[in-house]
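Heads up: the structure comes next, in structure tokens.
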Amino acid sequence: MTPDDPTQWVPAAYCTADYIAEWGKDPHVNASSYEFDIQFQSTTANEELGIVVTEESGSWTDSAGKIMTTWQGSRLIYFAAPLRSSGDSWACIGGTQETRR
């Protein structure tokens, strides 16, 4: 397989607005710490959809200071769409990341 092989990409997350709102109220989540570096590789958009490709490295530390996970050079694709309630605002509607096999 090559890095451009589509079988090496997996869904990273799909969250409804209700799920995100509840997740944001979790004190454990709010006490966690993220450190990351994002390098934007490309951005393409039309009136209905945007696609952003990034390469990301970072770490997640829990509220007790324990490093839970780290990542280095992860390639991700994010999908964005315009919000109907606002002419200028867009929101992330999904994403996928390259698997490490």
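Note on naming: chains are A, B, ... as they come in the structure tokens, residues start from 1 per chain, ligands start from 1 in the order shown.
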- Message: List the spatial neighbours of Trp71 in chain A as a PyMOL selection string - criterion: any atom at most 8 Å away, only C-alpha atoms, same-chain residues fewer than 2 positions off excluded.
- Response: chain A and resi 56-59+69+73-74
- Task: May I have the residues within 10 Å of Ser42 in chain A as JSON, numbers by chain, using only C-alpha atoms and disregarding those fewer than 3 positions away in the same chain?
- Result: {"A": [39, 51, 52, 53, 54, 77]}
Please produce a file of the residues just selected, as a PDB file, in the first residue's frame, where the atoms kept are N, CA and C atoms.
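File result_8.pdb, as written:
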ATOM      1  N   GLN A  39       0.022  21.777  10.502  1.00  0.00           N
ATOM      2  CA  GLN A  39       0.560  22.302   9.250  1.00  0.00           C
ATOM      3  C   GLN A  39      -0.516  22.103   8.179  1.00  0.00           C
ATOM      4  N   ILE A  51     -12.730  21.346   1.837  1.00  0.00           N
ATOM      5  CA  ILE A  51     -11.881  20.225   2.233  1.00  0.00           C
ATOM      6  C   ILE A  51     -10.531  20.803   2.637  1.00  0.00           C
ATOM      7  N   VAL A  52     -10.096  20.452   3.851  1.00  0.00           N
ATOM      8  CA  VAL A  52      -8.824  20.936   4.374  1.00  0.00           C
ATOM      9  C   VAL A  52      -7.959  19.724   4.709  1.00  0.00           C
ATOM     10  N   VAL A  53      -6.746  19.681   4.174  1.00  0.00           N
ATOM     11  CA  VAL A  53      -5.802  18.595   4.463  1.00  0.00           C
ATOM     12  C   VAL A  53      -4.715  19.163   5.365  1.00  0.00           C
ATOM     13  N   THR A  54      -4.472  18.472   6.496  1.00  0.00           N
ATOM     14  CA  THR A  54      -3.465  18.914   7.455  1.00  0.00           C
ATOM     15  C   THR A  54      -2.515  17.779   7.805  1.00  0.00           C
ATOM     16  N   ILE A  77      -7.951  14.787   6.943  1.00  0.00           N
ATOM     17  CA  ILE A  77      -8.794  15.537   6.026  1.00  0.00           C
ATOM     18  C   ILE A  77     -10.031  15.962   6.802  1.00  0.00           C
TER      19      ILE A  77
END
